[in-house]
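Have a look at the structure below before the remarks.
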Amino acid sequence: MPDGPSDVERLVREGIVAAAAGGHSRAREVLARAVSQDEASVPAWLWLSGEVETSRGDPASGAISFLNC
């Protein structure tokens with residue numbers, strides 16, 4: 001069994017760093033790869049939901065829209 005983080009965990013971390021740095025497009029790309037590799041990854045889905053854009057182009061409002069579904 002490997003000792004380090006899995007590929008999905010690394011992708012989630014990379015997505016979080018990108019989001020925190022304002023790289024929302026990159027964060028969405030990386031986090032989408034994470035959920036495609038592991039659809040049950042709650043952290044990947046959670047962070048990806050925060051990067052969803054709405055017609056306003058605002059990631060924060062995308063998260064609110066996602067939560068109001």
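How things are named: the first chain in the structure tokens is A, the next is B, and so on; residues count from 1 in each chain; ligands count from 1 in the order shown.
By chain and then residue number, the residues within 12 Å of A:Ser41 are Ser6, Asp7, Val8, Glu9, Leu11, Val12, Leu31, Ala32, Arg33, Ala34, Val35, Ser36, Gln37, Asp38, Glu39, Pro43, Ala44, Trp45, Leu46, Trp47 and Leu48 of chain A, counting only C-alpha atoms and disregarding those fewer than 2 positions away in sequence.
The two atoms in question, atom CA of A:Gly50 and atom CA of A:Ala21, are spaced 13.8 Å apart.
Interatomic distance, atom CA of A:Glu51 to atom CA of A:Val30: 10.9 Å.
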query: Per DSSP on the backbone, what are the alpha helix (DSSP H) residues of stretch 8-55 of chain A, as a PyMOL selection string?
result: chain A and resi 8-20+24-37+42-49
